[in-house]
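Pasted below: target.cif, mmCIF, C-alpha atoms and all ligand atoms.
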```
data_start
#
loop_
_atom_site.label_atom_id
_atom_site.label_comp_id
_atom_site.auth_asym_id
_atom_site.auth_seq_id
_atom_site.Cartn_x
_atom_site.Cartn_y
_atom_site.Cartn_z
CA MET O 1 0.00 0.00 0.00
CA LEU O 2 1.37 3.38 -1.05
CA ALA O 3 -0.25 6.55 0.29
CA PHE O 4 0.36 9.95 -1.33
CA GLY O 5 -1.28 13.37 -1.64
CA HIS O 6 -2.20 13.98 -5.28
CA PRO O 7 -2.73 12.30 -8.64
CA ASP O 8 0.75 11.95 -10.25
CA ASP O 9 2.67 11.67 -6.93
CA GLU O 10 2.30 7.91 -7.29
CA SER O 11 3.76 7.70 -10.80
CA HIS O 12 6.40 10.42 -10.56
CA LEU O 13 7.77 9.05 -7.33
CA ALA O 14 6.85 5.37 -7.19
CA GLY O 15 5.70 4.34 -10.67
CA SER O 16 8.59 1.93 -11.18
CA THR O 17 8.24 0.39 -7.72
CA ILE O 18 4.50 -0.13 -8.23
CA ALA O 19 5.09 -1.71 -11.67
CA LYS O 20 7.84 -3.98 -10.32
CA TYR O 21 5.85 -5.44 -7.43
CA SER O 22 2.70 -5.71 -9.49
CA ALA O 23 4.64 -7.63 -12.17
CA GLU O 24 6.06 -9.89 -9.46
CA GLY O 25 2.57 -10.80 -8.28
CA ALA O 26 2.02 -8.47 -5.33
CA GLU O 27 -1.36 -6.85 -4.85
CA VAL O 28 -0.56 -3.13 -4.93
CA VAL O 29 -2.99 -0.51 -3.62
CA VAL O 30 -2.45 3.22 -4.16
CA VAL O 31 -4.18 5.62 -1.73
CA ILE O 32 -4.46 9.24 -2.90
CA ALA O 33 -5.82 11.91 -0.54
CA THR O 34 -7.08 14.50 -3.04
CA ARG O 35 -7.95 15.05 -6.71
CA GLY O 36 -5.17 17.62 -7.16
CA GLU O 37 -7.58 20.48 -7.87
CA ALA O 38 -4.92 23.11 -7.13
CA GLY O 39 -2.46 21.81 -9.73
CA GLU O 40 -1.23 24.04 -12.53
CA ILE O 41 -2.83 23.22 -15.88
CA ALA O 42 -0.24 22.38 -18.54
CA PRO O 43 -0.16 24.59 -21.65
CA GLY O 44 -2.44 23.37 -24.42
CA VAL O 45 -4.61 21.23 -22.14
CA GLU O 46 -8.33 21.91 -22.19
CA ALA O 47 -9.21 22.10 -18.51
CA THR O 48 -10.46 24.74 -16.11
CA PRO O 49 -9.88 25.11 -12.38
CA GLU O 50 -13.54 24.03 -12.03
CA ASN O 51 -13.21 20.67 -13.81
CA LEU O 52 -9.55 19.94 -13.07
CA GLY O 53 -10.39 17.59 -10.18
CA GLU O 54 -12.62 15.48 -12.39
CA ILE O 55 -10.01 15.38 -15.16
CA ARG O 56 -7.22 14.47 -12.76
CA GLU O 57 -9.27 11.67 -11.20
CA ALA O 58 -9.68 10.11 -14.65
CA GLU O 59 -5.95 10.55 -15.36
CA LEU O 60 -5.12 8.95 -12.02
CA ARG O 61 -7.34 5.94 -12.67
CA ALA O 62 -5.68 5.41 -16.07
CA SER O 63 -2.17 5.84 -14.64
CA VAL O 64 -2.67 3.46 -11.74
CA ALA O 65 -4.12 0.84 -14.09
CA VAL O 66 -1.04 1.06 -16.34
CA ALA O 67 1.27 0.59 -13.35
CA GLY O 68 -0.78 -2.43 -12.22
CA ALA O 69 -2.30 -1.18 -8.95
CA SER O 70 -5.79 -0.61 -7.62
CA LEU O 71 -6.87 2.79 -6.30
CA GLU O 72 -8.44 4.12 -3.12
CA LEU O 73 -9.21 7.82 -3.65
CA LEU O 74 -10.08 9.87 -0.56
CA ASP O 75 -12.51 12.77 -0.89
CA TYR O 76 -10.41 15.70 0.34
CA ARG O 77 -9.49 18.82 -1.61
CA ASP O 78 -5.96 19.72 -2.72
CA SER O 79 -4.60 22.22 -0.15
CA GLY O 80 -2.22 23.87 -2.63
CA MET O 81 1.35 24.90 -1.89
CA GLU O 82 2.37 26.31 1.50
CA GLY O 83 0.70 29.68 2.02
CA ALA O 84 -1.73 29.37 -0.93
CA PRO O 85 -5.32 30.56 -0.33
CA GLU O 86 -6.49 26.94 -0.91
CA ASN O 87 -4.86 26.04 2.46
CA LYS O 88 -7.84 27.70 4.18
CA ASP O 89 -10.60 25.97 2.19
CA PRO O 90 -12.68 23.97 4.70
CA ARG O 91 -12.59 21.00 2.29
CA ALA O 92 -8.76 21.13 2.05
CA PHE O 93 -6.95 17.99 3.17
CA VAL O 94 -4.89 19.94 5.73
CA GLN O 95 -8.12 21.23 7.31
CA ALA O 96 -9.44 17.71 7.88
CA ASP O 97 -9.66 16.33 11.40
CA GLU O 98 -6.45 14.35 11.92
CA ASP O 99 -8.11 11.57 13.91
CA GLU O 100 -10.76 11.15 11.20
CA VAL O 101 -8.09 10.82 8.47
CA VAL O 102 -6.16 8.29 10.55
CA GLY O 103 -9.40 6.31 11.09
CA THR O 104 -10.07 6.23 7.35
CA LEU O 105 -6.53 5.02 6.67
CA VAL O 106 -6.83 2.38 9.40
CA SER O 107 -10.00 1.09 7.69
CA LEU O 108 -8.11 0.86 4.39
CA MET O 109 -5.22 -1.01 6.01
CA ARG O 110 -7.63 -3.45 7.67
CA LYS O 111 -9.50 -3.90 4.39
CA HIS O 112 -6.45 -4.53 2.15
CA ARG O 113 -4.16 -6.02 4.83
CA PRO O 114 -0.87 -4.80 3.32
CA HIS O 115 2.43 -6.30 4.47
CA VAL O 116 4.32 -3.14 3.47
CA VAL O 117 3.18 0.49 3.66
CA VAL O 118 4.96 3.34 1.82
CA THR O 119 4.40 7.10 2.11
CA PHE O 120 6.32 10.39 1.85
CA ASP O 121 8.99 11.35 4.36
CA GLU O 122 8.07 13.84 7.13
CA ASN O 123 8.92 16.80 4.87
CA GLY O 124 6.79 15.49 2.01
CA GLY O 125 9.65 15.58 -0.49
CA TYR O 126 9.73 19.37 -0.71
CA GLY O 127 7.44 20.65 2.02
CA HIS O 128 4.02 20.41 0.31
CA PRO O 129 1.40 20.59 3.12
CA ASP O 130 -0.65 17.65 1.74
CA HIS O 131 2.46 15.50 1.42
CA LYS O 132 3.45 16.20 5.02
CA PHE O 133 -0.09 15.48 6.26
CA ILE O 134 -0.46 12.15 4.42
CA SER O 135 2.97 11.12 5.77
CA LYS O 136 1.93 11.97 9.33
CA THR O 137 -1.50 10.32 9.17
CA THR O 138 -0.28 7.21 7.33
CA THR O 139 2.43 6.75 9.96
CA ALA O 140 -0.16 7.05 12.74
CA ALA O 141 -2.51 4.63 10.96
CA PHE O 142 0.31 2.11 10.46
CA LEU O 143 0.93 2.13 14.22
CA ALA O 144 -2.80 1.99 15.11
CA SER O 145 -4.09 -0.56 12.61
CA GLY O 146 -2.98 -3.61 14.60
CA ASN O 147 -4.39 -2.27 17.85
CA ALA O 148 -7.75 -3.89 18.70
CA GLY O 149 -8.56 -0.92 20.95
CA ARG O 150 -8.50 1.49 17.97
CA ALA O 151 -11.93 1.54 16.34
CA ASP O 152 -12.19 2.34 12.64
CA PRO O 153 -15.23 3.63 10.72
CA GLU O 154 -15.70 0.29 8.90
CA LYS O 155 -15.33 -1.72 12.14
CA LEU O 156 -12.89 -4.18 10.58
CA ALA O 157 -10.63 -6.68 12.34
CA PRO O 158 -7.19 -5.37 13.38
CA TRP O 159 -4.30 -5.83 10.96
CA ALA O 160 -0.70 -4.91 11.73
CA PRO O 161 1.30 -4.27 8.54
CA GLY O 162 4.89 -5.54 8.78
CA LYS O 163 6.95 -2.62 7.52
CA LEU O 164 6.64 1.15 7.01
CA TYR O 165 8.85 3.02 4.55
CA TYR O 166 9.30 6.67 3.65
CA MET O 167 10.02 7.23 -0.01
CA GLY O 168 11.69 10.22 -1.64
CA PHE O 169 14.26 11.23 -4.21
CA PRO O 170 17.88 11.22 -3.04
CA ARG O 171 19.03 14.80 -2.46
CA ALA O 172 22.20 14.30 -4.55
CA ARG O 173 20.08 13.13 -7.50
CA ILE O 174 17.76 16.15 -7.21
CA LYS O 175 20.78 18.46 -7.31
CA ARG O 176 22.04 16.77 -10.48
CA PHE O 177 18.57 16.86 -12.00
CA ILE O 178 18.23 20.60 -11.31
CA GLU O 179 21.70 21.26 -12.76
CA GLU O 180 20.66 19.53 -15.97
CA TYR O 181 17.22 21.10 -16.00
CA VAL O 182 18.57 24.63 -15.61
CA LYS O 183 20.64 24.10 -18.77
CA ILE O 184 17.49 23.21 -20.69
CA LYS O 185 15.21 25.78 -19.09
CA PRO O 186 17.01 28.62 -17.24
CA ASP O 187 13.68 30.21 -16.24
CA ASN O 188 12.31 27.23 -14.29
CA ASP O 189 10.20 26.43 -11.24
CA PHE O 190 13.14 25.11 -9.21
CA ARG O 191 15.08 28.38 -9.49
CA ASP O 192 14.04 29.62 -6.07
CA ILE O 193 14.02 26.34 -4.15
CA ASP O 194 17.09 25.49 -2.08
CA PRO O 195 18.16 22.00 -3.22
CA ASP O 196 19.35 21.35 0.34
CA THR O 197 15.72 21.31 1.48
CA MET O 198 14.52 18.89 -1.20
CA GLY O 199 14.39 15.12 -1.19
CA ILE O 200 15.94 12.91 1.46
CA PRO O 201 19.62 13.12 2.50
CA ASP O 202 21.31 10.16 0.83
CA GLU O 203 22.82 8.80 4.04
CA ARG O 204 19.34 8.21 5.47
CA PHE O 205 18.33 5.54 2.95
CA THR O 206 18.15 1.94 4.12
CA THR O 207 16.77 0.38 0.95
CA ARG O 208 17.49 0.59 -2.77
CA LEU O 209 15.36 -1.17 -5.39
CA ASP O 210 16.71 -1.89 -8.85
CA VAL O 211 13.77 -0.79 -11.00
CA ALA O 212 15.57 -0.18 -14.31
CA ALA O 213 13.41 -2.79 -16.03
CA TYR O 214 10.25 -0.82 -15.12
CA VAL O 215 11.19 2.71 -16.15
CA SER O 216 9.24 2.43 -19.41
CA VAL O 217 6.07 1.38 -17.52
CA ARG O 218 6.63 4.24 -15.11
CA LEU O 219 6.90 6.71 -17.99
CA GLU O 220 3.76 5.37 -19.61
CA ALA O 221 1.88 5.64 -16.30
CA ALA O 222 3.18 9.19 -15.74
CA SER O 223 2.17 10.19 -19.28
CA LYS O 224 -1.50 9.62 -18.35
CA HIS O 225 -1.32 12.76 -16.18
CA ARG O 226 -1.66 14.93 -19.28
CA SER O 227 -3.18 17.95 -17.56
CA GLN O 228 -0.03 18.47 -15.51
CA GLY O 229 2.95 17.90 -17.74
CA SER O 230 6.24 17.22 -16.02
CA PRO O 231 9.78 18.59 -16.10
CA PHE O 232 10.87 14.96 -16.50
CA ASP O 233 9.31 15.02 -19.98
CA LEU O 234 12.17 17.23 -21.15
CA PHE O 235 14.79 14.55 -20.64
CA PRO O 236 15.76 12.01 -23.27
CA GLU O 237 14.82 8.47 -22.29
CA ALA O 238 18.51 7.54 -21.85
CA MET O 239 18.75 10.00 -18.99
CA HIS O 240 15.58 8.65 -17.38
CA GLU O 241 17.24 5.30 -16.94
CA GLU O 242 20.22 6.93 -15.21
CA VAL O 243 18.01 9.08 -13.00
CA PHE O 244 15.30 6.55 -12.27
CA GLY O 245 17.08 3.17 -12.44
CA ASN O 246 16.88 2.82 -8.67
CA ASP O 247 14.18 3.79 -6.18
CA TYR O 248 15.21 4.68 -2.62
CA PHE O 249 13.44 4.18 0.72
CA VAL O 250 13.93 4.77 4.42
CA LEU O 251 12.78 1.90 6.64
CA VAL O 252 10.93 3.52 9.55
CA HIS O 253 9.22 0.54 11.26
CA PRO O 254 10.62 -1.72 12.47
CA ALA O 255 13.58 0.56 13.15
CA PRO O 256 16.60 -0.87 11.31
CA ALA O 257 19.36 -2.44 13.38
CA GLU O 258 22.45 -0.24 13.89
CA PRO O 259 24.90 -0.29 12.31
CA THR O 260 23.17 -1.25 9.07
CA SER O 261 24.80 -3.98 7.06
CA GLY O 262 24.38 -2.42 3.61
CA LEU O 263 21.18 -1.45 1.84
CA GLU O 264 18.17 -3.76 1.59
CA SER O 265 17.18 -4.58 -2.00
CA ASP O 266 13.56 -5.69 -1.42
CA LEU O 267 10.73 -4.01 0.51
CA PHE O 268 9.50 -7.44 1.62
CA ALA O 269 12.93 -8.53 2.96
CA GLY O 270 12.64 -10.31 6.29
CA LEU O 271 8.85 -10.51 6.25
CA ASP O 272 7.28 -13.86 6.96
CA TRP O 273 3.80 -13.78 5.45
CA VAL O 274 3.21 -17.38 4.39
ZN ZN O 301 1.75 15.87 -4.69
#
```

Could you rewrite the structure in this file as structure tokens?
Amino acid sequence: MLAFGHPDDESHLAGSTIAKYSAEGAEVVVVIATRGEAGEIAPGVEATPENLGEIREAELRASVAVAGASLELLDYRDSGMEGAPENKDPRAFVQADEDEVVGTLVSLMRKHRPHVVVTFDENGGYGHPDHKFISKTTTAAFLASGNAGRADPEKLAPWAPGKLYYMGFPRARIKRFIEEYVKIKPDNDFRDIDPDTMGIPDERFTTRLDVAAYVSVRLEAASKHRSQGSPFDLFPEAMHEEVFGNDYFVLVHPAPAEPTSGLESDLFAGLDWV
């Protein structure tokens, strides 16, 4: 189970990982908190702020199907970037009651009974309020789901998932990506963002998946999010393989033994589910 904030988070960040485990026979469920109504509409796309949520839901359903997962879409509204007026909308995800969100996520964990749960790191990759909130609530739900004393709205039997991971881009890779991107497009969105606040510091990773064989599926899944476009589109496919050949994770629960003996290469490593 992978829980993120908006349509396209799942493919841009985890498309290869989803495709890999789906191809290997795992049942993969993607949970998305909002319809991404506050996203910027890509040039040339026929959409309005009024129908963007509907369009992005359809894009998300197509993308998740390509990657080989099923979808659980929550009914919150995109809160927009930090400080945007959308933050204050009563329907915004960040305005939702935290305990209610955790309860909903507990129900989904008890329904799908995942062995592994993946979400953003605490900083949500680059500080997006919805990313931080889904990370916080998914972490709380992971810890609560196995507890019989924690009721959930669907009143399902407790289920304790085995492992929780935070997923993000390695900071060193983001720096390289921005260096390359600036050459292609000097006037770009990353201009004003400090690369030292983006992604996850490389030394924090516990787990690296070789996903090179799934980059093409990932790109096809990401291409379904037509209304958004992506800076990644500007790169030749050869560079995608270099940039996206491996996906990186931080094992959060159970806390990894210290000192770590190298990186794990499988999210299911050490789990006994038979
Ligand atoms: Zn997002």

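Interatomic distance, atom CA of O:Lys20 against atom CA of O:Leu164: 18.1 Å.
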
Applying 8 Å and only C-alpha atoms, which residues near stretch 156-161 of chain O remain after dropping the ones on its own chain fewer than 6 positions away? List them as a PyMOL selection string.
chain O and resi 107+109-111+113-117+142-148

With all atoms listed in the file as the basis for distance, which of O:His112, O:Lys88, O:His12, O:Arg171 is at the shortest distance from ligand ZN 301 (chain O)?
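Of O:His112, O:Lys88, O:His12, O:Arg171, the one nearest ligand ZN 301 (chain O), counting all atoms listed in the file, is O:His12.
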
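Considering all atoms listed in the file, every residue of the polymer chains approaching ligand ZN 301 (chain O) to 7 Å or closer is listed here: Phe4, Gly5, His6, Pro7, Asp8, Asp9 and His131 of chain O.
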
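If you measure from each of O:Ala255, O:Val250, O:Val243, O:Asn123 to O:Phe177 using only C-alpha atoms, the closest one turns out to be O:Val243.
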
Show me, as a PyMOL selection string, the residues that have an atom within 12 Å of stretch 54-63 of chain O when counting only C-alpha atoms, minus same-chain residues fewer than 3 positions from it.
chain O and resi 5-12+14-16+18-19+29-41+45-51+66-75+77-78+217-229

Give me, as a VMD selection string, all polymer residues having an atom no more than 10 Å from O:Thr207, counting all atoms listed in the file and skipping those fewer than 4 positions away in the same chain.
chain O and resid 165 167 246 to 251 262 to 267 269

Would you save the residues from that selection as a short mmCIF file (atom, residue, chain, number, x, y, z; two decimals), in the coordinates of the input, using C-alpha atoms?
```cif
data_model
loop_
_atom_site.label_atom_id
_atom_site.label_comp_id
_atom_site.auth_asym_id
_atom_site.auth_seq_id
_atom_site.Cartn_x
_atom_site.Cartn_y
_atom_site.Cartn_z
CA TYR O 165 8.85 3.02 4.55
CA MET O 167 10.02 7.23 -0.01
CA ASN O 246 16.88 2.82 -8.67
CA ASP O 247 14.18 3.79 -6.18
CA TYR O 248 15.21 4.68 -2.62
CA PHE O 249 13.44 4.18 0.72
CA VAL O 250 13.93 4.77 4.42
CA LEU O 251 12.78 1.90 6.64
CA GLY O 262 24.38 -2.42 3.61
CA LEU O 263 21.18 -1.45 1.84
CA GLU O 264 18.17 -3.76 1.59
CA SER O 265 17.18 -4.58 -2.00
CA ASP O 266 13.56 -5.69 -1.42
CA LEU O 267 10.73 -4.01 0.51
CA ALA O 269 12.93 -8.53 2.96
#
```

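Candidate residues O:Gly199, O:Gly245, O:Gly162, O:Gly124 were compared for distance to O:Ala213, and the nearest is O:Gly245, using only C-alpha atoms.
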
Could you write stretch 193-212 of chain O as a tab-separated table (two decimals), keeping the file's coordinate frame, with N, CA and C atoms rebuilt where they are missing?
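To be explicit, this is the file written out as part00.tsv:
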```
chain	number	residue	atom	x	y	z
O	193	ILE	N	14.06	27.34	-5.23
O	193	ILE	CA	14.02	26.34	-4.15
O	193	ILE	C	15.45	25.91	-3.82
O	194	ASP	N	15.76	25.91	-2.54
O	194	ASP	CA	17.09	25.49	-2.08
O	194	ASP	C	17.18	23.97	-2.20
O	195	PRO	N	18.07	23.46	-3.05
O	195	PRO	CA	18.16	22.00	-3.22
O	195	PRO	C	18.47	21.27	-1.91
O	196	ASP	N	19.05	22.00	-0.94
O	196	ASP	CA	19.35	21.35	0.34
O	196	ASP	C	18.12	21.14	1.21
O	197	THR	N	16.95	21.58	0.74
O	197	THR	CA	15.72	21.31	1.48
O	197	THR	C	14.86	20.29	0.73
O	198	MET	N	15.35	19.80	-0.38
O	198	MET	CA	14.52	18.89	-1.20
O	198	MET	C	15.00	17.45	-1.08
O	199	GLY	N	14.04	16.53	-1.21
O	199	GLY	CA	14.39	15.12	-1.19
O	199	GLY	C	14.86	14.67	0.18
O	200	ILE	N	15.49	13.52	0.20
O	200	ILE	CA	15.94	12.91	1.46
O	200	ILE	C	17.47	12.81	1.41
O	201	PRO	N	18.16	13.23	2.49
O	201	PRO	CA	19.62	13.12	2.50
O	201	PRO	C	20.03	11.67	2.23
O	202	ASP	N	20.98	11.50	1.32
O	202	ASP	CA	21.31	10.16	0.83
O	202	ASP	C	21.70	9.19	1.95
O	203	GLU	N	22.34	9.71	3.00
O	203	GLU	CA	22.82	8.80	4.04
O	203	GLU	C	21.68	8.19	4.86
O	204	ARG	N	20.46	8.72	4.68
O	204	ARG	CA	19.34	8.21	5.47
O	204	ARG	C	18.73	6.93	4.87
O	205	PHE	N	19.00	6.67	3.60
O	205	PHE	CA	18.33	5.54	2.95
O	205	PHE	C	18.80	4.20	3.50
O	206	THR	N	17.85	3.30	3.64
O	206	THR	CA	18.15	1.94	4.12
O	206	THR	C	17.96	0.92	3.00
O	207	THR	N	17.28	1.35	1.91
O	207	THR	CA	16.77	0.38	0.95
O	207	THR	C	16.87	0.95	-0.46
O	208	ARG	N	17.39	0.16	-1.37
O	208	ARG	CA	17.49	0.59	-2.77
O	208	ARG	C	16.94	-0.53	-3.65
O	209	LEU	N	15.94	-0.19	-4.48
O	209	LEU	CA	15.36	-1.17	-5.39
O	209	LEU	C	15.89	-0.93	-6.79
O	210	ASP	N	16.34	-1.99	-7.44
O	210	ASP	CA	16.71	-1.89	-8.85
O	210	ASP	C	15.41	-1.97	-9.66
O	211	VAL	N	15.03	-0.85	-10.26
O	211	VAL	CA	13.77	-0.79	-11.00
O	211	VAL	C	14.00	-0.45	-12.47
O	212	ALA	N	15.23	-0.59	-12.93
O	212	ALA	CA	15.57	-0.18	-14.31
O	212	ALA	C	14.65	-0.83	-15.34
```
